[in-house]
Each structure stands twice: as C-alpha cells, then as structure tokens.
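Reading through the structure tokens given below for one structure.
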Amino acid sequence: MNQIAAGRHGRAQIRKERKAMKKRITALVLLTAVLCLVLAGCKVKRFEYEPSVTSVFLTPEGAVRECLMDTFEESYMSVAGLEKYIKNQISEYQRNESTQKVALESADMKDGKVIVRMWYYTGKDYDGFNYSEGLFTNLRITPFLDSVEKLTPVIPVPKLLVSVSKRETANMDKLVKKAKNYTIAAGTAGEKDAVVYVEGKIEYVSPNITLIDQNMMKVPAGQDFVLLYR
C-alpha cells in the first residue's frame with residue numbers, strides 16, 4: 001500500500017511539474033510574440049522603388065537609381081535602338097574605370113511609354129553621365145553623422161529643416177545629437193519640378209519641399225533641397 005501511495009504521489013508530482021513547465025513555455029511564447037510585434041512596429045519599412053513617374057531614388061549607401069518615362073519623338077525610334085545607344089554611352093563614360101559606375105537596369109515600352117531605368121554608383125556619377133543636365137544636379141547622399149563630425153563634410157549641417165510629422169521647424173541641436181539615426185541627402189532640381197524617392201522614411205526636409213508620401217517628395221524647378229531620412 002505504501003508503495004502504491006508513493007507511486008501515486010510521484011505521478012502527481014510529475015503532472016504538477018509538467019503543468020508548471022507548460023505555463024513557463026506559454027509565457028515565453030507570449031513574451032516573444034509581444035517583442036516581435038514591438039520590434040516590427042519600430043522598424044522602418046524599406047521601400048521598393050517601383051515609381052509611377054519620372055524620378056530618382058536615393059539609397060543610404062549613396063547610390064542613385066533613376067526611372068525615366070517618356071514617348072518617342074519619331075516613329076522610327078525603337079527600344080532596342082535606345083538600349084544600344086545608352087550602353088554605348090555607358091561604355092564611353094566608364095572607359096578608364098576599373099569598377100562599375102553606371103548601369104542600364106532596363107529599357108521597356110509600356111502603355112505607349114518608354115521606361116528606362118538606370119543605376120549610378122554615386123550622385124557624382126549621376127551628374128557626370130548626364131552632363132549635369134539630369135533631373136537633379138549636385139546630388140549627394142551621406143550619413144548625417146559625417147555632416148556633424150567631419151571638418152569638411154560632403155553636406156554641411158543645414159540651418160533649417162521642417163519636421164514632416166509635426167509640420168514645424170526642427171530643433172537642430174536635438175537632431176545633431178541623434179545624427180547617427182539619419183541619412184542626409186541634398187541636391188538641386190533641374191529645369192522642371194522633380195521627384196525624389198528614398199529608401200526608408202523621410203522625416204525632415206527643407207521648407208520648399210512638397211511631401212507626397214513618406215518615401216516620396218517633389219522639389220520645385222531650379223531649387224535646392226535637403227532632407228533627412230532613415
């Protein structure tokens with residue numbers, strides 16, 4: 001009888017421990033789920049460049065992508081001929097380069113429009129390849145921390161920016177303290193209003209900018225712009 005009682009007690013203890021273990025596992029799973037939701041909420045969604053208008057796209061690494069949408073001026077023109085011409089221009093531009101500076105991503109015809117997509121290693125290559133006659137000139141992209149710490153930064157710390165979310169003048173002293181969180185970009189629009197997309201989220205812009213979406217903005221023709229994004 002004592003052995004049976006002892007056996008029952010042992011089995012009861014095992015069941016009790018199993019229940020406690022299940023509770024701990026359940027709590028751990030719930031905690032993990034909550035953390036995942038919190039992290040997902042804080043993480044900035046990366047933007048895929050699929051533009052609906054002629055524009056440029058700036059990456060935190062400093063590269064520039066471009067999408068040009070237009071129609072052929074003459075009926076005898078073709079996508080194949082345009083593609084060949086662009087590739088020849090790229091070869092000429094990179095004649096003495098050891099690394100890729102410019103690339104043709106694609107050239108297509110869609111709904112009567114010619115759509116050309118290009119890639120440039122830096123804003124300087126964008127300017128050089130387009131003879132400073134592109135959608136923008138003097139395009140520059142760099143970590144904002146460089147603007148704060150370097151004696152001769154690529155883009156100096158701007159005197160005035162506007163918060164996209166609060167629609168008010170930004171406190172530049174506070175922004176400088178949080179410089180590591182941002183990428184800064186600057187440039188000048190060409191002869192027409194021009195659209196800029198960024199990878200990440202636009203948070204601060206110069207006052208002349210028209211924000212279209214969290215990743216997209218328009219710069220008035222001939223005007224300079226500065227923006228911070230992350």
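Scheme for the structure tokens: letters A, B, ... for chains in order shown; per-chain residue numbers from 1; ligand numbers from 1 in order shown.
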Mind running stretch 42-146 of chain A against stretch 195-198 of chain A at 6 Å and telling me each contacting residue's nearest atom pair with the distance in Å (one decimal), counting only C-alpha atoms, chain and number ascending, as a Markdown table?
```
| residue | atom | partner | partner_atom | distance |
| --- | --- | --- | --- | --- |
| A:Ser55 | CA | A:Val195 | CA | 4.9 |
| A:Val56 | CA | A:Val196 | CA | 5.2 |
| A:Phe57 | CA | A:Tyr197 | CA | 4.6 |
| A:Leu58 | CA | A:Val198 | CA | 4.9 |
```
What residues in stretch 59-152 of chain A get the DSSP label strand (DSSP E)? Please answer as a PyMOL selection string. chain A and resi 64-70+102-110+113-120+136-143
Would you kindly return, as a VMD selection string, each protein, DNA or RNA residue with an atom no farther than 12 Å from any atom of A:Met109, considering only C-alpha atoms and excluding same-chain residues fewer than 2 positions away? chain A and resid 68 to 72 77 to 80 82 to 83 106 to 107 111 to 117
To one decimal in Å, tell me the separation between atom CA of A:Leu175 and atom CA of A:Thr137. 26.1 Å
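Computed from the coordinates, the atom CA of A:Pro158 to atom CA of A:Met172 distance equals 8.3 Å.
The gap separating atom CA of A:Tyr204 from atom CA of A:Asn171 is 10.6 Å, in Å to one decimal.
With only C-alpha atoms as the basis for measurement, A:Asn130 is the residue among A:Asn130, A:Thr152, A:Asn215, A:Thr122 that approaches A:Gln89 most closely.
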Where in stretch 35-190 of chain A does DSSP assign alpha helix (DSSP H), given as a PyMOL selection string? chain A and resi 35-42+79-93+123-129+144-149+172-177
Set the distance at 8 Å and use only C-alpha atoms: which residues neighbour A:Lys192 once local chain neighbours fewer than 4 positions away are removed? I'd like the list as a PyMOL selection string. chain A and resi 135+220-222
If you count only C-alpha atoms, which residues fall within 9 Å of stretch 123-129 of chain A, apart from same-chain ones fewer than 6 positions away, as a ChimeraX atom specification? /A:58,62-65,89-90,93,101-102,136-141,187
Just the selected residues (N, CA, C and O atoms), exported as a PDB file, in the first residue's frame, please.
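Saved file again_22.pdb follows:
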```pdb
ATOM      1  N   LEU A  58      17.173  57.510 -53.955  1.00  0.00           N
ATOM      2  CA  LEU A  58      18.424  57.633 -53.225  1.00  0.00           C
ATOM      3  C   LEU A  58      18.532  56.540 -52.165  1.00  0.00           C
ATOM      4  O   LEU A  58      17.597  56.310 -51.408  1.00  0.00           O
ATOM      5  N   GLY A  62      24.500  55.721 -50.779  1.00  0.00           N
ATOM      6  CA  GLY A  62      24.979  56.792 -51.644  1.00  0.00           C
ATOM      7  C   GLY A  62      24.743  56.579 -53.126  1.00  0.00           C
ATOM      8  O   GLY A  62      25.087  57.432 -53.938  1.00  0.00           O
ATOM      9  N   ALA A  63      24.152  55.439 -53.489  1.00  0.00           N
ATOM     10  CA  ALA A  63      23.862  55.179 -54.899  1.00  0.00           C
ATOM     11  C   ALA A  63      22.584  55.902 -55.328  1.00  0.00           C
ATOM     12  O   ALA A  63      21.756  56.286 -54.501  1.00  0.00           O
ATOM     13  N   VAL A  64      22.452  56.095 -56.644  1.00  0.00           N
ATOM     14  CA  VAL A  64      21.270  56.749 -57.213  1.00  0.00           C
ATOM     15  C   VAL A  64      20.669  55.841 -58.272  1.00  0.00           C
ATOM     16  O   VAL A  64      21.383  55.321 -59.132  1.00  0.00           O
ATOM     17  N   ARG A  65      19.371  55.631 -58.191  1.00  0.00           N
ATOM     18  CA  ARG A  65      18.654  54.944 -59.262  1.00  0.00           C
ATOM     19  C   ARG A  65      17.724  55.963 -59.909  1.00  0.00           C
ATOM     20  O   ARG A  65      17.276  56.915 -59.270  1.00  0.00           O
ATOM     21  N   GLN A  89      26.943  54.764 -74.522  1.00  0.00           N
ATOM     22  CA  GLN A  89      27.272  55.923 -73.689  1.00  0.00           C
ATOM     23  C   GLN A  89      27.891  55.493 -72.361  1.00  0.00           C
ATOM     24  O   GLN A  89      28.829  56.129 -71.861  1.00  0.00           O
ATOM     25  N   ILE A  90      27.368  54.409 -71.806  1.00  0.00           N
ATOM     26  CA  ILE A  90      27.913  53.878 -70.556  1.00  0.00           C
ATOM     27  C   ILE A  90      29.352  53.403 -70.764  1.00  0.00           C
ATOM     28  O   ILE A  90      30.241  53.685 -69.952  1.00  0.00           O
ATOM     29  N   TYR A  93      31.597  56.372 -70.943  1.00  0.00           N
ATOM     30  CA  TYR A  93      31.766  57.013 -69.635  1.00  0.00           C
ATOM     31  C   TYR A  93      32.725  56.216 -68.746  1.00  0.00           C
ATOM     32  O   TYR A  93      33.500  56.791 -67.973  1.00  0.00           O
ATOM     33  N   LYS A 101      30.359  52.066 -62.624  1.00  0.00           N
ATOM     34  CA  LYS A 101      29.885  53.367 -62.168  1.00  0.00           C
ATOM     35  C   LYS A 101      28.457  53.667 -62.595  1.00  0.00           C
ATOM     36  O   LYS A 101      27.737  54.391 -61.928  1.00  0.00           O
ATOM     37  N   VAL A 102      28.079  53.141 -63.741  1.00  0.00           N
ATOM     38  CA  VAL A 102      26.739  53.369 -64.294  1.00  0.00           C
ATOM     39  C   VAL A 102      26.249  52.072 -64.919  1.00  0.00           C
ATOM     40  O   VAL A 102      27.038  51.314 -65.491  1.00  0.00           O
ATOM     41  N   PHE A 136      18.238  66.189 -61.541  1.00  0.00           N
ATOM     42  CA  PHE A 136      18.896  66.930 -60.470  1.00  0.00           C
ATOM     43  C   PHE A 136      20.363  67.126 -60.810  1.00  0.00           C
ATOM     44  O   PHE A 136      20.932  66.409 -61.626  1.00  0.00           O
ATOM     45  N   THR A 137      20.977  68.100 -60.152  1.00  0.00           N
ATOM     46  CA  THR A 137      22.428  68.274 -60.221  1.00  0.00           C
ATOM     47  C   THR A 137      22.970  68.293 -58.797  1.00  0.00           C
ATOM     48  O   THR A 137      22.239  68.566 -57.834  1.00  0.00           O
ATOM     49  N   ASN A 138      24.262  67.995 -58.698  1.00  0.00           N
ATOM     50  CA  ASN A 138      24.948  68.032 -57.405  1.00  0.00           C
ATOM     51  C   ASN A 138      24.271  67.153 -56.361  1.00  0.00           C
ATOM     52  O   ASN A 138      24.166  67.529 -55.182  1.00  0.00           O
ATOM     53  N   LEU A 139      23.816  65.990 -56.775  1.00  0.00           N
ATOM     54  CA  LEU A 139      23.212  65.047 -55.829  1.00  0.00           C
ATOM     55  C   LEU A 139      24.274  64.504 -54.882  1.00  0.00           C
ATOM     56  O   LEU A 139      25.340  64.071 -55.304  1.00  0.00           O
ATOM     57  N   ARG A 140      23.960  64.512 -53.580  1.00  0.00           N
ATOM     58  CA  ARG A 140      24.869  63.981 -52.572  1.00  0.00           C
ATOM     59  C   ARG A 140      24.072  63.229 -51.521  1.00  0.00           C
ATOM     60  O   ARG A 140      22.993  63.668 -51.126  1.00  0.00           O
ATOM     61  N   ILE A 141      24.588  62.087 -51.086  1.00  0.00           N
ATOM     62  CA  ILE A 141      23.958  61.268 -50.057  1.00  0.00           C
ATOM     63  C   ILE A 141      25.049  60.795 -49.112  1.00  0.00           C
ATOM     64  O   ILE A 141      26.066  60.260 -49.560  1.00  0.00           O
ATOM     65  N   GLY A 187      20.677  68.311 -53.054  1.00  0.00           N
ATOM     66  CA  GLY A 187      20.861  68.476 -54.491  1.00  0.00           C
ATOM     67  C   GLY A 187      20.066  69.663 -54.987  1.00  0.00           C
ATOM     68  O   GLY A 187      19.496  70.432 -54.200  1.00  0.00           O
TER      69      GLY A 187
END
```
